Amino acid sequence: MADEKLAVVALEKEIEGIREAIEELRTRQADQMGVRSATEQQIEQLLVRNREYEEQAELFSLQAADLRRLAKEAGETVAELAQKRMQGEAQQTVWRQTSREKADERELAGREAARLEEKCAAAQKETETILNRLYEEYELTRSEAEEQAAPIEDMAEATRRLTELKNKIRALGSVNVDAIEEYKEVSERYEFLSVQVHDVEVSREELLKLITDLTAQMKDMFLERFRQINENFGEVFRDLFGGGNAELVLTDPTDILHSGIEMHAQPPGKVILNMDALSGGEKSLVATALLFAILKVTPSPFCVLDEVEAALDDVNVDRYAQYLRRMCKNTQFIVITHRRGTMEEADILYGVTMQEQGISKLLELRVSEVEAKLGISGNAQ
């Protein structure tokens with residue numbers, strides 16, 4: 001009786017350890033879900049950033065248009081100023097011609113100095129006045145004026161024309177001498193913004209290409225894994241059921257990444273139109289077949305199964321346990337069970353017993369050691 005109580009205590013302690021292992025696995029599963037959520041958030045952030053880049057590109061395009069308009073207006077202003085400058089130079093030519101004529105008169109006055117001394121002085125004064133005005137108004141020296149001066153055929157007409165041009169110049173108002181510098185600044189700003197717009201467009205294209213490449217890779221990886229799991233699912237199903245057919249089908253093959261997945265299963269000797277028509281044991285065995293199919297594609301270091309064969313009959317329990325043994329090469333299985341067929345395939349058995357109230361004891365039984373002591377040749381690995 002004491003040995004039985006010890007065995008019960010050991011079994012209960014084993015159950016508690018297995019429950020803790022299950023809780024740890026659930027925690028790890030939650031962490032994996034968190035990583036997947038973070039990845040989805042990162043994709044969403046990339047999409048938001050792409051939309052922001054598109055809005056910035058549109059804003060930069062509008063700014064570039066405004067800058068081009070300002071540059072055009074500045075160019076027109078410079079052209080107008082150049083035209084006015086040409087008109088001023090033409091007037092300067094007229095004055096230079098006048099200056100040459102006065103110089104000739106001064107030479108004649110010099111030869112007649114005795115008789116025309118007062119007239120010569122007046123002419124000299126007038127000449128100096130004209131030269132001063134020439135420099136003040138046109139920034140020309142006498143020699144430069146003489147070089148550019150043209151003969152005046154009609155002095156009255158020239159005087160009238162001069163007065164008219166002066167009035168027009170005064171009407172123009174002050175000249176913007178900073179127009180060239182302003183144009184240079186606007187041009188540099190336009191070039192800078194053009195480069196920024198180009199960089200944003202290049203970044204946008206790179207992001208779109210990256211998203212396209214990632215989507216294509218995701219589709220390829222999903223299709224390959226789905227194909228492998230589907231093939232394994234059919235094979236495992238036939239092994240566990242002793243025949244029949246089973247497959248996974250995409251509900252929307254045209255949109256793989258958003259498609260649902262349907263499971264079709266037909267045990268041997270039955271025509272199943274709906275999975276709800278399967279018994280509880282058949283449903284459990286179908287789910288187990290899908291689990292084994294996934295593990296064959298992506299083996300896990302260890303796997304915890306909690307009474308997954310509880311609804312199976314003895315024959316199917318034996319098939320399940322034998323197939324579980326075949327899967328042990330790549331995965332270590334921790335199985336919680338009350339079925340004898342499953343226990344017979346285990347390498348190590350753990351039990352928790354409680355001989356005294358509130359005190360649990362873990363019992364361990366290595367099947368290989370027992371077989372060695374009893375001289376039994378088992379199938380344990």
# chains A, B, ... in the order shown; residues from 1 in each chain; ligands from 1
$ residues_around --residues "Phe60 in chain A" --least-positions-apart "2" --cutoff "10 Å" --atoms "only C-alpha atoms" --output "list of chain:residue names"
A:Glu54, A:Glu55, A:Gln56, A:Ala57, A:Glu58, A:Leu62, A:Gln63, A:Ala64, A:Ala65, A:Asp66, A:Leu193, A:Ser194, A:Gln196, A:Val197, A:His198, A:Val200
$ select_by_dssp --residues "range 114-187 of chain A" --states "alpha helix (DSSP H)" --output "PyMOL selection string"
chain A and resi 114-138+142-148+155-172+179-187
$ residues_around --residues "Val297 in chain A" --least-positions-apart "2" --cutoff "10 Å" --atoms "only C-alpha atoms" --output "short mmCIF file (atom, residue, chain, number, x, y, z; two decimals) with N, CA and C atoms, in the first residue's frame"
data_model
loop_
_atom_site.label_atom_id
_atom_site.label_comp_id
_atom_site.auth_asym_id
_atom_site.auth_seq_id
_atom_site.Cartn_x
_atom_site.Cartn_y
_atom_site.Cartn_z
N ARG A 225 5.81 25.94 -48.45
CA ARG A 225 5.50 25.29 -47.18
C ARG A 225 4.10 24.66 -47.22
N PHE A 226 3.15 25.33 -47.84
CA PHE A 226 1.79 24.79 -47.93
C PHE A 226 1.79 23.49 -48.73
N GLN A 228 4.33 21.38 -49.11
CA GLN A 228 4.96 20.33 -48.32
C GLN A 228 4.03 19.82 -47.22
N ILE A 229 3.40 20.75 -46.50
CA ILE A 229 2.50 20.34 -45.42
C ILE A 229 1.32 19.55 -45.98
N ASN A 232 2.51 16.04 -46.79
CA ASN A 232 2.71 15.28 -45.55
C ASN A 232 1.38 14.97 -44.86
N PHE A 292 1.45 16.45 -37.07
CA PHE A 292 2.62 15.69 -37.50
C PHE A 292 3.10 16.15 -38.87
N ALA A 293 2.17 16.53 -39.76
CA ALA A 293 2.56 17.00 -41.09
C ALA A 293 3.36 18.30 -40.99
N ILE A 294 2.94 19.18 -40.09
CA ILE A 294 3.67 20.44 -39.90
C ILE A 294 5.04 20.19 -39.29
N LEU A 295 5.10 19.26 -38.32
CA LEU A 295 6.38 18.96 -37.67
C LEU A 295 7.37 18.31 -38.64
N PRO A 299 10.55 20.78 -38.07
CA PRO A 299 10.62 20.06 -36.79
C PRO A 299 10.86 21.03 -35.63
N SER A 300 10.19 20.76 -34.52
CA SER A 300 10.37 21.54 -33.32
C SER A 300 11.29 20.78 -32.36
#
$ atom_distance --atom1 "CA of Phe233 in chain A" --atom2 "CA of Leu291 in chain A"
8.4 Å
$ closest_residue --among "A:Ala321, A:Val186, A:Ile359, A:Leu285" --to "Met343 in chain A" --atoms "only C-alpha atoms"
A:Ala321
$ closest_residue --among "A:Leu305, A:Ala74, A:Ile348, A:Leu248" --to "Leu25 in chain A" --atoms "only C-alpha atoms"
A:Leu305
$ residues_around --residues "range 249-253 of chain A" --least-positions-apart "5" --cutoff "10 Å" --atoms "only C-alpha atoms" --output "CSV table (one decimal) with C-alpha atoms, in the first residue's frame"
chain,number,residue,atom,x,y,z
A,226,PHE,CA,1.8,24.8,-47.9
A,230,ASN,CA,-0.3,19.3,-47.7
A,258,HIS,CA,-5.3,36.6,-47.6
A,259,SER,CA,-6.8,33.3,-48.5
A,260,GLY,CA,-8.4,31.0,-46.0
A,261,ILE,CA,-7.6,27.3,-45.7
A,262,GLU,CA,-10.1,24.4,-45.8
A,263,MET,CA,-9.4,20.9,-44.6
A,264,HIS,CA,-10.9,18.0,-46.4
$ select_by_dssp --residues "range 191-317 of chain A" --states "strand (DSSP E or B)" --output "number ranges by chain"
A: 245-250, 261-266, 302-306
$ write_last_selection --atoms "C-alpha atoms" --output "PDB file, in the first residue's frame"
ATOM      1  CA  ASN A 245      -7.541  10.706 -48.243  1.00  0.00           C
ATOM      2  CA  ALA A 246      -6.986  14.141 -46.756  1.00  0.00           C
ATOM      3  CA  GLU A 247      -5.881  17.494 -48.177  1.00  0.00           C
ATOM      4  CA  LEU A 248      -5.687  21.218 -47.478  1.00  0.00           C
ATOM      5  CA  VAL A 249      -7.279  23.612 -49.998  1.00  0.00           C
ATOM      6  CA  LEU A 250      -6.918  27.392 -50.375  1.00  0.00           C
ATOM      7  CA  ILE A 261      -7.570  27.256 -45.727  1.00  0.00           C
ATOM      8  CA  GLU A 262     -10.114  24.433 -45.820  1.00  0.00           C
ATOM      9  CA  MET A 263      -9.429  20.921 -44.551  1.00  0.00           C
ATOM     10  CA  HIS A 264     -10.919  17.953 -46.435  1.00  0.00           C
ATOM     11  CA  ALA A 265     -10.694  14.509 -44.813  1.00  0.00           C
ATOM     12  CA  GLN A 266     -12.216  11.176 -45.915  1.00  0.00           C
ATOM     13  CA  PHE A 302      10.254  19.460 -28.378  1.00  0.00           C
ATOM     14  CA  CYS A 303       6.482  19.200 -28.369  1.00  0.00           C
ATOM     15  CA  VAL A 304       3.954  18.796 -25.532  1.00  0.00           C
ATOM     16  CA  LEU A 305       0.804  16.761 -26.188  1.00  0.00           C
ATOM     17  CA  ASP A 306      -1.934  16.796 -23.549  1.00  0.00           C
TER      18      ASP A 306
END
$ closest_residue --among "A:Ala289, A:Glu344, A:Glu20, A:Val202" --to "Gly234 in chain A" --atoms "only C-alpha atoms"
A:Ala289
$ closest_residue --among "A:Glu118, A:Glu146, A:Glu76, A:Asp104" --to "Gln92 in chain A" --atoms "only C-alpha atoms"
A:Glu146
$ atom_distance --atom1 "CA of Ala346 in chain A" --atom2 "CA of Arg366 in chain A"
8.8 Å
$ closest_residue --among "A:Glu101, A:Glu231, A:Glu128, A:Glu136" --to "Leu290 in chain A" --atoms "only C-alpha atoms"
A:Glu231
$ atom_distance --atom1 "CA of Gly17 in chain A" --atom2 "CA of Val367 in chain A"
19.5 Å
$ residues_around --residues "Arg49 in chain A" --least-positions-apart "3" --cutoff "12 Å" --atoms "only C-alpha atoms" --output "compact mmCIF listing (two decimals) with N, CA and C atoms, in the first residue's frame"
# COMPACT_ATOMS: atom_id res chain seq x y z
N GLN A 42 5.46 46.87 -38.18
CA GLN A 42 6.57 47.46 -38.96
C GLN A 42 6.16 47.64 -40.42
N ILE A 43 5.44 46.64 -40.97
CA ILE A 43 4.96 46.76 -42.35
C ILE A 43 3.99 47.94 -42.47
N GLU A 44 3.10 48.08 -41.45
CA GLU A 44 2.15 49.20 -41.48
C GLU A 44 2.88 50.54 -41.41
N GLN A 45 3.97 50.60 -40.57
CA GLN A 45 4.75 51.84 -40.49
C GLN A 45 5.40 52.17 -41.81
N LEU A 46 5.89 51.14 -42.51
CA LEU A 46 6.51 51.38 -43.83
C LEU A 46 5.48 51.94 -44.81
N GLU A 52 3.61 59.25 -46.46
CA GLU A 52 4.19 60.55 -46.10
C GLU A 52 5.16 61.03 -47.18
N TYR A 53 5.97 60.09 -47.71
CA TYR A 53 6.90 60.47 -48.77
C TYR A 53 6.16 60.95 -50.02
N GLU A 54 5.03 60.33 -50.32
CA GLU A 54 4.24 60.76 -51.47
C GLU A 54 3.70 62.18 -51.26
N GLU A 55 3.21 62.44 -50.02
CA GLU A 55 2.71 63.79 -49.72
C GLU A 55 3.83 64.81 -49.80
N GLN A 56 5.03 64.46 -49.27
CA GLN A 56 6.17 65.39 -49.36
C GLN A 56 6.57 65.65 -50.80
N VAL A 200 13.43 62.12 -52.76
CA VAL A 200 12.18 61.55 -52.23
C VAL A 200 11.57 60.57 -53.23
N SER A 203 13.56 57.38 -53.13
CA SER A 203 13.24 56.62 -51.91
C SER A 203 11.88 55.94 -52.04
N ARG A 204 10.94 56.65 -52.63
CA ARG A 204 9.60 56.06 -52.81
C ARG A 204 9.67 54.84 -53.71
N LEU A 207 11.20 51.94 -51.82
CA LEU A 207 10.27 51.34 -50.86
C LEU A 207 9.22 50.47 -51.56
N LEU A 208 8.70 50.99 -52.67
CA LEU A 208 7.71 50.20 -53.42
C LEU A 208 8.32 48.90 -53.93
$ decode --residues "range 253-315 of chain A" --atoms "C-alpha atoms" --output "PDB file, in the first residue's frame"
ATOM      1  CA  PRO A 253      -5.907  30.875 -54.807  1.00  0.00           C
ATOM      2  CA  THR A 254      -5.842  34.288 -56.535  1.00  0.00           C
ATOM      3  CA  ASP A 255      -5.068  36.077 -53.248  1.00  0.00           C
ATOM      4  CA  ILE A 256      -2.730  33.700 -51.474  1.00  0.00           C
ATOM      5  CA  LEU A 257      -1.690  35.944 -48.577  1.00  0.00           C
ATOM      6  CA  HIS A 258      -5.318  36.643 -47.587  1.00  0.00           C
ATOM      7  CA  SER A 259      -6.835  33.297 -48.506  1.00  0.00           C
ATOM      8  CA  GLY A 260      -8.404  30.981 -45.992  1.00  0.00           C
ATOM      9  CA  ILE A 261      -7.570  27.256 -45.727  1.00  0.00           C
ATOM     10  CA  GLU A 262     -10.114  24.433 -45.820  1.00  0.00           C
ATOM     11  CA  MET A 263      -9.429  20.921 -44.551  1.00  0.00           C
ATOM     12  CA  HIS A 264     -10.919  17.953 -46.435  1.00  0.00           C
ATOM     13  CA  ALA A 265     -10.694  14.509 -44.813  1.00  0.00           C
ATOM     14  CA  GLN A 266     -12.216  11.176 -45.915  1.00  0.00           C
ATOM     15  CA  PRO A 267     -11.510   8.163 -43.674  1.00  0.00           C
ATOM     16  CA  PRO A 268     -11.463   4.801 -45.450  1.00  0.00           C
ATOM     17  CA  GLY A 269     -14.902   3.462 -46.219  1.00  0.00           C
ATOM     18  CA  LYS A 270     -16.696   6.747 -45.542  1.00  0.00           C
ATOM     19  CA  VAL A 271     -18.047   9.587 -47.669  1.00  0.00           C
ATOM     20  CA  ILE A 272     -17.625  12.811 -45.662  1.00  0.00           C
ATOM     21  CA  LEU A 273     -19.106  16.030 -47.003  1.00  0.00           C
ATOM     22  CA  ASN A 274     -18.586  18.066 -43.847  1.00  0.00           C
ATOM     23  CA  MET A 275     -15.955  17.819 -41.121  1.00  0.00           C
ATOM     24  CA  ASP A 276     -18.754  17.998 -38.537  1.00  0.00           C
ATOM     25  CA  ALA A 277     -19.812  14.521 -39.693  1.00  0.00           C
ATOM     26  CA  LEU A 278     -16.629  13.037 -38.210  1.00  0.00           C
ATOM     27  CA  SER A 279     -16.701  11.493 -34.754  1.00  0.00           C
ATOM     28  CA  GLY A 280     -14.793  13.027 -31.862  1.00  0.00           C
ATOM     29  CA  GLY A 281     -12.000  10.464 -32.178  1.00  0.00           C
ATOM     30  CA  GLU A 282     -11.734  11.002 -35.941  1.00  0.00           C
ATOM     31  CA  LYS A 283     -11.527  14.751 -35.494  1.00  0.00           C
ATOM     32  CA  SER A 284      -8.806  14.292 -32.886  1.00  0.00           C
ATOM     33  CA  LEU A 285      -6.854  11.975 -35.191  1.00  0.00           C
ATOM     34  CA  VAL A 286      -7.226  14.379 -38.146  1.00  0.00           C
ATOM     35  CA  ALA A 287      -5.866  17.229 -36.003  1.00  0.00           C
ATOM     36  CA  THR A 288      -2.991  14.995 -34.894  1.00  0.00           C
ATOM     37  CA  ALA A 289      -2.223  14.150 -38.529  1.00  0.00           C
ATOM     38  CA  LEU A 290      -2.048  17.862 -39.386  1.00  0.00           C
ATOM     39  CA  LEU A 291       0.274  18.479 -36.414  1.00  0.00           C
ATOM     40  CA  PHE A 292       2.617  15.691 -37.496  1.00  0.00           C
ATOM     41  CA  ALA A 293       2.563  17.004 -41.092  1.00  0.00           C
ATOM     42  CA  ILE A 294       3.673  20.445 -39.903  1.00  0.00           C
ATOM     43  CA  LEU A 295       6.380  18.958 -37.670  1.00  0.00           C
ATOM     44  CA  LYS A 296       7.778  16.988 -40.608  1.00  0.00           C
ATOM     45  CA  VAL A 297       8.244  20.246 -42.556  1.00  0.00           C
ATOM     46  CA  THR A 298       9.525  22.332 -39.647  1.00  0.00           C
ATOM     47  CA  PRO A 299      10.620  20.064 -36.793  1.00  0.00           C
ATOM     48  CA  SER A 300      10.372  21.545 -33.315  1.00  0.00           C
ATOM     49  CA  PRO A 301      13.009  20.772 -30.631  1.00  0.00           C
ATOM     50  CA  PHE A 302      10.254  19.460 -28.378  1.00  0.00           C
ATOM     51  CA  CYS A 303       6.482  19.200 -28.369  1.00  0.00           C
ATOM     52  CA  VAL A 304       3.954  18.796 -25.532  1.00  0.00           C
ATOM     53  CA  LEU A 305       0.804  16.761 -26.188  1.00  0.00           C
ATOM     54  CA  ASP A 306      -1.934  16.796 -23.549  1.00  0.00           C
ATOM     55  CA  GLU A 307      -4.187  13.731 -23.869  1.00  0.00           C
ATOM     56  CA  VAL A 308      -4.706  14.231 -27.589  1.00  0.00           C
ATOM     57  CA  GLU A 309      -5.568  10.500 -27.936  1.00  0.00           C
ATOM     58  CA  ALA A 310      -8.164  10.493 -25.143  1.00  0.00           C
ATOM     59  CA  ALA A 311     -11.044  10.076 -27.614  1.00  0.00           C
ATOM     60  CA  LEU A 312      -9.357   7.331 -29.678  1.00  0.00           C
ATOM     61  CA  ASP A 313     -10.052   3.628 -29.502  1.00  0.00           C
ATOM     62  CA  ASP A 314      -7.246   1.205 -28.667  1.00  0.00           C
ATOM     63  CA  VAL A 315      -6.372   0.458 -32.298  1.00  0.00           C
TER      64      VAL A 315
END
